[in-house]
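Okay, data_8.cif now, which holds mmCIF, C-alpha atoms:
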```cif
data_entry
#
loop_
_atom_site.label_atom_id
_atom_site.label_comp_id
_atom_site.auth_asym_id
_atom_site.auth_seq_id
_atom_site.Cartn_x
_atom_site.Cartn_y
_atom_site.Cartn_z
CA MET A 1 68.19 -116.20 128.20
CA GLU A 2 68.77 -115.09 124.65
CA LEU A 3 69.57 -111.58 125.86
CA LEU A 4 72.16 -112.89 128.29
CA ALA A 5 73.82 -115.11 125.70
CA GLY A 6 75.52 -112.33 123.77
CA THR A 7 75.68 -108.65 123.07
CA LYS A 8 74.63 -108.64 119.42
CA SER A 9 71.30 -107.02 120.12
CA TRP A 10 72.89 -103.56 120.74
CA LYS A 11 73.05 -102.79 117.06
CA SER A 12 69.48 -103.50 116.18
CA PRO A 13 69.05 -101.88 112.72
CA ASP A 14 65.54 -100.86 113.69
CA ALA A 15 66.66 -99.05 116.86
CA MET A 16 69.63 -97.42 115.11
CA SER A 17 67.46 -95.29 112.86
CA LEU A 18 65.48 -93.73 115.73
CA THR A 19 66.09 -90.41 117.46
CA GLU A 20 67.10 -90.23 121.11
CA THR A 21 63.57 -89.15 122.12
CA GLU A 22 62.00 -92.05 120.21
CA LEU A 23 64.45 -94.50 121.75
CA VAL A 24 63.65 -93.21 125.23
CA GLN A 25 59.91 -93.62 124.58
CA ARG A 26 60.44 -97.17 123.37
CA ALA A 27 62.74 -98.02 126.27
CA LYS A 28 60.19 -96.66 128.73
CA SER A 29 57.55 -98.93 127.29
CA GLY A 30 59.77 -101.96 127.80
CA ASP A 31 61.83 -102.17 124.60
CA ASN A 32 65.22 -103.25 125.97
CA LYS A 33 66.87 -103.06 122.55
CA ALA A 34 66.03 -99.38 122.45
CA PHE A 35 67.62 -98.96 125.88
CA GLU A 36 70.74 -100.75 124.64
CA GLN A 37 70.91 -98.41 121.68
CA LEU A 38 70.89 -95.50 124.15
CA MET A 39 73.69 -97.25 126.06
CA LEU A 40 75.66 -97.70 122.86
CA MET A 41 75.28 -94.00 122.03
CA ASN A 42 76.60 -92.91 125.43
CA GLN A 43 78.97 -95.62 126.66
CA GLY A 44 82.21 -94.17 125.26
CA LYS A 45 81.55 -90.68 126.63
CA ILE A 46 80.54 -91.93 130.06
CA TYR A 47 83.53 -94.31 130.34
CA ASN A 48 85.93 -91.54 129.34
CA LEU A 49 84.36 -89.15 131.82
CA GLY A 50 84.80 -91.81 134.50
CA LEU A 51 88.47 -92.25 133.59
CA LYS A 52 89.09 -88.53 133.94
CA LEU A 53 87.17 -88.04 137.15
CA LEU A 54 88.27 -91.19 138.94
CA ARG A 55 91.65 -91.79 137.25
CA ASN A 56 91.28 -95.53 137.49
CA ARG A 57 90.04 -98.02 134.85
CA GLU A 58 88.27 -100.29 137.31
CA ASP A 59 86.38 -97.39 138.89
CA ALA A 60 85.52 -96.02 135.42
CA ALA A 61 84.06 -99.43 134.50
CA ASP A 62 82.06 -99.46 137.77
CA LEU A 63 80.84 -95.95 137.01
CA LEU A 64 79.67 -97.02 133.55
CA GLN A 65 77.87 -100.08 134.93
CA GLU A 66 76.18 -98.29 137.83
CA THR A 67 75.16 -95.37 135.61
CA PHE A 68 73.35 -97.63 133.14
CA ILE A 69 71.75 -99.77 135.85
CA LYS A 70 70.48 -96.66 137.63
CA ALA A 71 69.29 -95.16 134.34
CA TYR A 72 67.43 -98.37 133.53
CA GLN A 73 65.85 -98.58 136.97
CA ASN A 74 64.80 -94.92 136.96
CA LEU A 75 63.80 -94.58 133.34
CA GLY A 76 60.19 -94.08 134.37
CA GLU A 77 61.17 -90.93 136.27
CA PHE A 78 62.96 -89.38 133.28
CA GLU A 79 60.57 -86.65 132.16
CA GLY A 80 62.50 -85.45 129.14
CA LYS A 81 63.06 -81.93 130.53
CA SER A 82 66.73 -82.34 129.59
CA SER A 83 68.21 -84.60 126.93
CA PHE A 84 68.78 -88.24 127.82
CA SER A 85 72.55 -87.75 127.55
CA THR A 86 72.43 -84.82 130.00
CA TRP A 87 70.39 -86.95 132.40
CA ILE A 88 72.84 -89.83 132.11
CA TYR A 89 75.81 -87.49 132.61
CA ARG A 90 74.09 -86.32 135.81
CA ILE A 91 73.80 -89.90 137.09
CA ALA A 92 77.46 -90.55 136.20
CA THR A 93 78.80 -87.38 137.86
CA ASN A 94 76.77 -88.06 141.02
CA PHE A 95 78.30 -91.53 141.17
CA ALA A 96 81.79 -90.06 140.62
CA LEU A 97 81.27 -87.42 143.32
CA MET A 98 80.22 -90.13 145.77
CA LYS A 99 83.31 -92.21 144.92
CA LEU A 100 85.61 -89.20 145.23
CA ARG A 101 84.17 -88.31 148.63
CA GLN A 102 84.67 -91.89 149.84
CA ARG A 103 88.36 -91.73 149.03
CA LYS A 104 90.65 -90.68 151.82
CA THR A 105 92.70 -88.39 149.59
CA ARG A 106 93.32 -84.94 150.94
CA ASN A 107 91.84 -82.28 148.67
CA VAL A 108 92.54 -78.57 148.69
CA SER A 109 90.07 -76.73 150.90
CA LEU A 110 87.39 -74.51 149.40
CA GLU A 111 88.85 -71.57 151.39
CA THR A 112 92.26 -72.09 149.78
CA MET A 113 90.64 -72.12 146.36
CA ALA A 114 88.85 -68.83 147.07
CA ASP A 115 91.89 -67.17 148.70
CA GLN A 116 94.19 -68.17 145.89
CA ALA A 117 91.88 -66.71 143.27
CA ARG A 118 91.54 -63.44 145.24
CA SER A 119 95.27 -63.05 145.84
CA THR A 120 96.40 -63.76 142.26
CA TYR A 121 97.89 -60.29 141.83
CA ASN A 122 99.71 -60.40 145.17
CA ARG A 123 102.24 -62.71 143.58
CA GLU A 124 104.71 -62.25 140.78
CA ILE A 125 102.99 -62.88 137.42
CA LEU A 126 105.55 -64.66 135.33
CA ASP A 127 104.72 -65.46 131.69
CA TRP A 128 105.92 -69.03 131.30
CA SER A 129 103.49 -69.89 128.49
CA ASP A 130 106.31 -69.92 125.91
CA ASN A 131 108.83 -71.58 128.20
CA PRO A 132 110.41 -74.56 126.35
CA GLN A 133 109.66 -76.69 129.45
CA ALA A 134 105.92 -75.92 129.32
CA HIS A 135 104.80 -79.13 127.61
CA LEU A 136 103.70 -82.56 128.70
CA LYS A 137 106.85 -84.31 127.52
CA ASN A 138 108.26 -82.67 130.61
CA GLN A 139 107.32 -85.55 132.94
CA GLU A 140 107.88 -83.49 136.06
CA LEU A 141 105.40 -80.86 134.90
CA LYS A 142 102.90 -83.48 133.75
CA MET A 143 102.97 -85.24 137.11
CA LEU A 144 102.62 -81.94 138.92
CA LEU A 145 99.58 -80.96 136.87
CA GLU A 146 97.96 -84.39 137.26
CA ALA A 147 98.44 -84.21 141.02
CA ALA A 148 97.05 -80.68 141.11
CA ILE A 149 93.90 -81.70 139.19
CA THR A 150 93.49 -84.74 141.46
CA SER A 151 93.74 -82.52 144.53
CA LEU A 152 90.92 -80.19 143.42
CA PRO A 153 87.86 -80.41 145.67
CA PRO A 154 85.47 -82.94 144.00
CA LYS A 155 82.84 -80.36 143.08
CA TYR A 156 85.48 -78.15 141.45
CA LYS A 157 87.15 -81.05 139.69
CA THR A 158 83.84 -82.16 138.18
CA VAL A 159 83.12 -78.72 136.76
CA PHE A 160 86.68 -78.26 135.47
CA ILE A 161 86.71 -81.67 133.75
CA LEU A 162 83.26 -81.31 132.22
CA HIS A 163 83.92 -77.82 130.85
CA ASP A 164 87.65 -77.42 130.24
CA ILE A 165 88.58 -81.02 129.45
CA GLU A 166 85.40 -82.47 127.93
CA GLY A 167 84.50 -79.16 126.32
CA LEU A 168 80.86 -79.07 127.42
CA PRO A 169 79.28 -75.59 127.33
CA LEU A 170 78.76 -73.79 130.65
CA ALA A 171 74.96 -74.06 130.39
CA ARG A 172 75.14 -77.83 129.88
CA VAL A 173 77.51 -78.25 132.84
CA ALA A 174 75.07 -76.22 134.95
CA GLU A 175 72.21 -78.44 133.81
CA ILE A 176 74.11 -81.68 134.50
CA LEU A 177 75.13 -80.60 137.99
CA SER A 178 71.90 -78.74 138.81
CA LEU A 179 73.87 -75.54 139.44
CA SER A 180 73.38 -71.95 138.32
CA ILE A 181 75.65 -70.71 135.52
CA PRO A 182 77.32 -68.16 137.88
CA ALA A 183 78.13 -71.01 140.30
CA VAL A 184 79.72 -73.00 137.46
CA LYS A 185 81.72 -69.93 136.39
CA THR A 186 83.03 -69.37 139.93
CA ARG A 187 84.24 -72.95 140.17
CA ILE A 188 85.86 -72.81 136.75
CA HIS A 189 87.55 -69.50 137.57
CA ARG A 190 89.00 -70.72 140.86
CA SER A 191 90.08 -74.08 139.42
CA ARG A 192 91.91 -72.44 136.54
CA LEU A 193 93.69 -69.97 138.81
CA TYR A 194 94.59 -72.69 141.30
CA LEU A 195 96.10 -74.93 138.61
CA ARG A 196 97.85 -72.00 136.98
CA GLU A 197 99.42 -71.05 140.29
CA LYS A 198 100.71 -74.61 140.78
CA LEU A 199 102.44 -74.46 137.41
CA SER A 200 103.66 -70.90 138.03
CA ARG A 201 105.30 -72.01 141.26
CA TYR A 202 107.16 -74.71 139.31
CA PHE A 203 108.52 -72.16 136.83
CA ARG A 204 109.30 -69.59 139.55
CA GLU A 205 111.39 -72.18 141.40
CA ARG A 206 113.25 -72.95 138.19
CA GLU A 207 114.05 -69.26 137.63
CA ASN A 208 115.43 -68.71 141.12
CA MET B 209 89.50 -51.33 132.83
CA ARG B 210 91.79 -51.93 135.78
CA CYS B 211 93.79 -55.07 136.57
CA GLU B 212 91.17 -56.32 139.04
CA ASP B 213 88.51 -56.01 136.30
CA ILE B 214 90.70 -58.14 134.04
CA LEU B 215 90.90 -60.84 136.72
CA ARG B 216 87.11 -60.72 137.08
CA CYS B 217 86.52 -60.95 133.30
CA LEU B 218 89.32 -63.39 132.54
CA CYS B 219 87.25 -66.55 132.34
CA ASP B 220 84.38 -64.87 130.53
CA TYR B 221 86.92 -63.77 127.91
CA ILE B 222 88.33 -67.30 127.58
CA ASP B 223 84.81 -68.74 127.34
CA GLU B 224 83.78 -66.08 124.80
CA GLU B 225 81.10 -64.80 127.12
CA LEU B 226 82.02 -61.09 127.02
CA ASP B 227 79.97 -58.61 125.04
CA ALA B 228 81.79 -56.81 122.22
CA LEU B 229 82.36 -53.57 124.14
CA THR B 230 83.73 -55.26 127.27
CA GLU B 231 85.93 -57.49 125.14
CA SER B 232 87.36 -54.47 123.36
CA CYS B 233 88.15 -52.77 126.72
CA PHE B 234 89.65 -56.04 127.95
CA LEU B 235 91.98 -56.28 124.94
CA ASP B 236 92.92 -52.58 125.17
CA HIS B 237 94.05 -53.10 128.74
CA LEU B 238 96.01 -56.21 127.80
CA GLU B 239 97.97 -54.30 125.16
CA GLN B 240 99.22 -51.93 127.83
CA CYS B 241 99.61 -54.29 130.77
CA ALA B 242 102.21 -57.04 130.49
CA ARG B 243 101.17 -58.47 133.85
CA CYS B 244 97.56 -59.05 132.82
CA ALA B 245 98.69 -60.37 129.42
CA ALA B 246 100.96 -62.85 131.23
CA LEU B 247 98.06 -63.91 133.44
CA LEU B 248 95.83 -64.59 130.44
CA HIS B 249 98.54 -66.47 128.50
CA THR B 250 99.39 -68.69 131.47
CA VAL B 251 95.75 -69.48 132.27
CA GLU B 252 95.16 -70.41 128.62
CA LYS B 253 98.30 -72.55 128.64
CA THR B 254 97.17 -74.25 131.86
CA ILE B 255 93.87 -75.22 130.19
CA ASP B 256 95.66 -76.49 127.06
CA LEU B 257 98.06 -78.61 129.11
CA SER B 258 95.23 -80.00 131.25
CA ARG B 259 93.27 -80.94 128.13
CA ASP B 260 96.28 -82.75 126.67
CA ILE B 261 96.85 -84.96 129.71
CA TRP B 262 94.19 -87.43 128.57
CA PRO B 263 93.84 -89.05 125.18
CA ARG B 264 90.93 -87.51 123.28
CA GLN B 265 88.92 -90.71 123.50
CA ALA B 266 90.23 -93.77 125.34
CA ARG B 267 89.03 -97.08 123.93
CA LEU B 268 86.35 -98.79 125.94
CA PRO B 269 87.66 -102.36 126.50
CA LYS B 270 85.45 -105.16 125.17
CA LYS B 271 85.55 -107.04 128.47
CA VAL B 272 84.12 -103.94 130.19
CA ILE B 273 81.35 -103.71 127.58
CA ARG B 274 80.48 -107.39 128.09
CA ARG B 275 80.45 -107.03 131.86
CA VAL B 276 78.30 -103.87 131.82
CA TYR B 277 75.72 -105.26 129.40
CA TYR B 278 75.55 -108.53 131.35
CA GLN B 279 74.92 -106.65 134.60
CA VAL B 280 72.32 -104.35 133.06
CA ARG B 281 70.48 -107.29 131.48
CA ILE B 282 70.10 -108.96 134.87
CA HIS B 283 67.82 -106.03 135.73
CA TYR B 284 65.58 -106.55 132.70
CA ARG B 285 63.68 -109.27 134.47
CA GLN B 286 63.29 -107.22 137.62
CA ARG B 287 61.64 -104.09 136.24
#
```
Final structure tokens representation of the file:
Amino acid sequence: MELLAGTKSWKSPDAMSLTETELVQRAKSGDNKAFEQLMLMNQGKIYNLGLKLLRNREDAADLLQETFIKAYQNLGEFEGKSSFSTWIYRIATNFALMKLRQRKTRNVSLETMADQARSTYNREILDWSDNPQAHLKNQELKMLLEAAITSLPPKYKTVFILHDIEGLPLARVAEILSLSIPAVKTRIHRSRLYLREKLSRYFREREN
Amino acid sequence: MRCEDILRCLCDYIDEELDALTESCFLDHLEQCARCAALLHTVEKTIDLSRDIWPRQARLPKKVIRRVYYQVRIHYRQR
């Protein structure tokens, strides 16, 4: 009952001085304060990842909750081959992918993504990078870009957000998603070219 | 390097994954090809704009923290 009464036990001074590996060992042997210290260390990152992937506060809160419950339940299966934070990112992204697939939103097809990347040079290449309208105070452009990111196929969106938005290295993204590095690179490449083309179309229409 | 090679190497250049020699050839081509330079600049700008859409670190609301810890703690007795 004491544990349910409040949340003060997260910042146990004893647990705070331990490394992630030591905390995992303690949590595995039943030390719930150690598990809560691991939660504390990861909660902000996981919630923010949820906000970006699911674009909804309620769903991001659900993602955080389900990620920690699943991590707690499966802690015995965590072998330490990756870091705990990589493992927990994997649980969170799997939950997000499931949520995204359940939504009825229409995403761009994988074929369109591949075709668009291949045919980049078939279109006019306009350099709009210094255009005075190329900033997010331009609400029209911001909304267009948000919609374009939302419309990415879930497995592309996940890679793009983890690498280009969250700044995780390619190798870590590959590890989180259990993909090869070339597969991650392909998804990044196509996502970037797809989003760029969406913005290019906006500036082309403004020029004509 | 030809334009199609630039397209193929574009992301490796952005991610600093090119070896020194390939990077040098990549940059040589860019100096002479306005089209490829425009492609690189606009892809880089697209990434910058995408990154700026979200606040660096949104605050995790206290009521969410309370709810999550409460739900996790229910499972303590079940393991």
Which residues of chain B come within 8 Å of chain A, and what is each one's closest atom pair and distance in Å (one decimal), counting all atoms listed in the file, sorted by chain and residue number, as CSV?
```
residue,atom,partner,partner_atom,distance
B:Cys219,CA,A:His189,CA,6.0
B:Arg243,CA,A:Ile125,CA,6.0
B:Ala246,CA,A:Asp127,CA,4.6
B:Leu247,CA,A:Ile125,CA,6.4
B:His249,CA,A:Ser129,CA,6.0
B:Thr250,CA,A:Ser129,CA,5.2
B:Val251,CA,A:Arg196,CA,5.7
B:Lys253,CA,A:Ser129,CA,5.8
B:Thr254,CA,A:Arg196,CA,5.6
B:Ile255,CA,A:Asp164,CA,6.6
B:Leu257,CA,A:Leu136,CA,6.9
B:Ser258,CA,A:Ile165,CA,7.0
B:Arg259,CA,A:Ile165,CA,4.9
B:Asp260,CA,A:Leu136,CA,7.7
B:Ile261,CA,A:Leu136,CA,7.3
B:Trp262,CA,A:Lys52,CA,7.5
B:Gln265,CA,A:Asn48,CA,6.6
B:Ala266,CA,A:Asn48,CA,6.3
B:Arg267,CA,A:Gly44,CA,7.5
B:Leu268,CA,A:Gly44,CA,6.2
B:Val272,CA,A:Ala61,CA,6.2
B:Arg274,CA,A:Thr7,CA,7.1
B:Val276,CA,A:Gln65,CA,4.9
B:Tyr277,CA,A:Thr7,CA,7.2
B:Tyr278,CA,A:Leu4,CA,6.3
B:Gln279,CA,A:Gln65,CA,7.2
B:Val280,CA,A:Ile69,CA,5.4
B:Arg281,CA,A:Leu4,CA,6.7
B:Ile282,CA,A:Leu4,CA,7.9
B:His283,CA,A:Ile69,CA,7.4
B:Tyr284,CA,A:Asn32,CA,7.5
B:Arg287,CA,A:Gln73,CA,7.0
```
Could you write out that same residue set with C-alpha atoms as a PDB file, in the coordinates of the input?
```pdb
ATOM      1  CA  CYS B 219      87.250 -66.550 132.340  1.00  0.00           C
ATOM      2  CA  ARG B 243     101.170 -58.470 133.850  1.00  0.00           C
ATOM      3  CA  ALA B 246     100.960 -62.850 131.230  1.00  0.00           C
ATOM      4  CA  LEU B 247      98.060 -63.910 133.440  1.00  0.00           C
ATOM      5  CA  HIS B 249      98.540 -66.470 128.500  1.00  0.00           C
ATOM      6  CA  THR B 250      99.390 -68.690 131.470  1.00  0.00           C
ATOM      7  CA  VAL B 251      95.750 -69.480 132.270  1.00  0.00           C
ATOM      8  CA  LYS B 253      98.300 -72.550 128.640  1.00  0.00           C
ATOM      9  CA  THR B 254      97.170 -74.250 131.860  1.00  0.00           C
ATOM     10  CA  ILE B 255      93.870 -75.220 130.190  1.00  0.00           C
ATOM     11  CA  LEU B 257      98.060 -78.610 129.110  1.00  0.00           C
ATOM     12  CA  SER B 258      95.230 -80.000 131.250  1.00  0.00           C
ATOM     13  CA  ARG B 259      93.270 -80.940 128.130  1.00  0.00           C
ATOM     14  CA  ASP B 260      96.280 -82.750 126.670  1.00  0.00           C
ATOM     15  CA  ILE B 261      96.850 -84.960 129.710  1.00  0.00           C
ATOM     16  CA  TRP B 262      94.190 -87.430 128.570  1.00  0.00           C
ATOM     17  CA  GLN B 265      88.920 -90.710 123.500  1.00  0.00           C
ATOM     18  CA  ALA B 266      90.230 -93.770 125.340  1.00  0.00           C
ATOM     19  CA  ARG B 267      89.030 -97.080 123.930  1.00  0.00           C
ATOM     20  CA  LEU B 268      86.350 -98.790 125.940  1.00  0.00           C
ATOM     21  CA  VAL B 272      84.120-103.940 130.190  1.00  0.00           C
ATOM     22  CA  ARG B 274      80.480-107.390 128.090  1.00  0.00           C
ATOM     23  CA  VAL B 276      78.300-103.870 131.820  1.00  0.00           C
ATOM     24  CA  TYR B 277      75.720-105.260 129.400  1.00  0.00           C
ATOM     25  CA  TYR B 278      75.550-108.530 131.350  1.00  0.00           C
ATOM     26  CA  GLN B 279      74.920-106.650 134.600  1.00  0.00           C
ATOM     27  CA  VAL B 280      72.320-104.350 133.060  1.00  0.00           C
ATOM     28  CA  ARG B 281      70.480-107.290 131.480  1.00  0.00           C
ATOM     29  CA  ILE B 282      70.100-108.960 134.870  1.00  0.00           C
ATOM     30  CA  HIS B 283      67.820-106.030 135.730  1.00  0.00           C
ATOM     31  CA  TYR B 284      65.580-106.550 132.700  1.00  0.00           C
ATOM     32  CA  ARG B 287      61.640-104.090 136.240  1.00  0.00           C
TER      33      ARG B 287
END
```
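Interatomic distance, atom CA of Lys137 of chain A to atom CA of Pro154 of chain A: 27.0 Å.
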Which residues are near Ser85 of chain A? Cut-off 9 Å, all atoms listed in the file, ignore same chain within fewer than 5 positions. Put them as an mmCIF file with C-alpha atoms, keeping the file's coordinate frame.
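Wrote result_26.cif, looks like this:
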```cif
data_model
loop_
_atom_site.group_PDB
_atom_site.id
_atom_site.type_symbol
_atom_site.label_atom_id
_atom_site.label_comp_id
_atom_site.auth_asym_id
_atom_site.auth_seq_id
_atom_site.Cartn_x
_atom_site.Cartn_y
_atom_site.Cartn_z
ATOM 1 C CA GLU A 20 67.100 -90.230 121.110
ATOM 2 C CA LEU A 38 70.890 -95.500 124.150
ATOM 3 C CA MET A 41 75.280 -94.000 122.030
ATOM 4 C CA ASN A 42 76.600 -92.910 125.430
ATOM 5 C CA ARG A 90 74.090 -86.320 135.810
#
```
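Evaluated on this file, the PyMOL selection byres ((chain B and resi 238) around 12) matches Met209, Arg210, Cys211, Asp213, Ile214, Leu215, Cys217, Leu218, Tyr221, Glu231, Ser232, Cys233, Phe234, Leu235, Asp236, His237, Glu239, Gln240, Cys241, Ala242, Arg243, Cys244, Ala245, Ala246, Leu247, Leu248 and His249 of chain B.
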Please compute the atom CA of Pro132 of chain A-atom CA of Ile222 of chain B distance, one decimal, in Å.
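Atom-to-atom, atom CA of Pro132 of chain A to atom CA of Ile222 of chain B, that is 23.3 Å.
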Taking the file as I've supplied it (selection: the PyMOL selection byres ((chain A and resi 103) around 12)), which residues are included? Please answer as a ChimeraX atom specification.
/A:54,59,96-102,104-107,150-151,153-154
Can you spell out as a ChimeraX atom specification the set of residues that the PyMOL selection byres ((chain A and resi 183) around 12) selects in the structure I just provided?
/A:155-156,159,170-171,173-175,177-182,184-190
Requested write-out: C-alpha atoms of the selected residues, as a compact mmCIF listing (two decimals), in the frame of the given file:
```
# COMPACT_ATOMS: atom_id res chain seq x y z
CA LYS A 155 82.84 -80.36 143.08
CA TYR A 156 85.48 -78.15 141.45
CA VAL A 159 83.12 -78.72 136.76
CA LEU A 170 78.76 -73.79 130.65
CA ALA A 171 74.96 -74.06 130.39
CA VAL A 173 77.51 -78.25 132.84
CA ALA A 174 75.07 -76.22 134.95
CA GLU A 175 72.21 -78.44 133.81
CA LEU A 177 75.13 -80.60 137.99
CA SER A 178 71.90 -78.74 138.81
CA LEU A 179 73.87 -75.54 139.44
CA SER A 180 73.38 -71.95 138.32
CA ILE A 181 75.65 -70.71 135.52
CA PRO A 182 77.32 -68.16 137.88
CA VAL A 184 79.72 -73.00 137.46
CA LYS A 185 81.72 -69.93 136.39
CA THR A 186 83.03 -69.37 139.93
CA ARG A 187 84.24 -72.95 140.17
CA ILE A 188 85.86 -72.81 136.75
CA HIS A 189 87.55 -69.50 137.57
CA ARG A 190 89.00 -70.72 140.86
```
Distance of atom CA of Ala92 of chain A from atom CA of Lys28 of chain A, expressed in Å to one decimal place
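Interatomic distance here is 19.8 Å.
Comparing the minimum interatomic distances between Ile176 of chain A and each of A:Ser119, A:Ser83, A:Thr19, A:Gln133, counting all atoms listed in the file, we find that A:Ser83 sits nearest.
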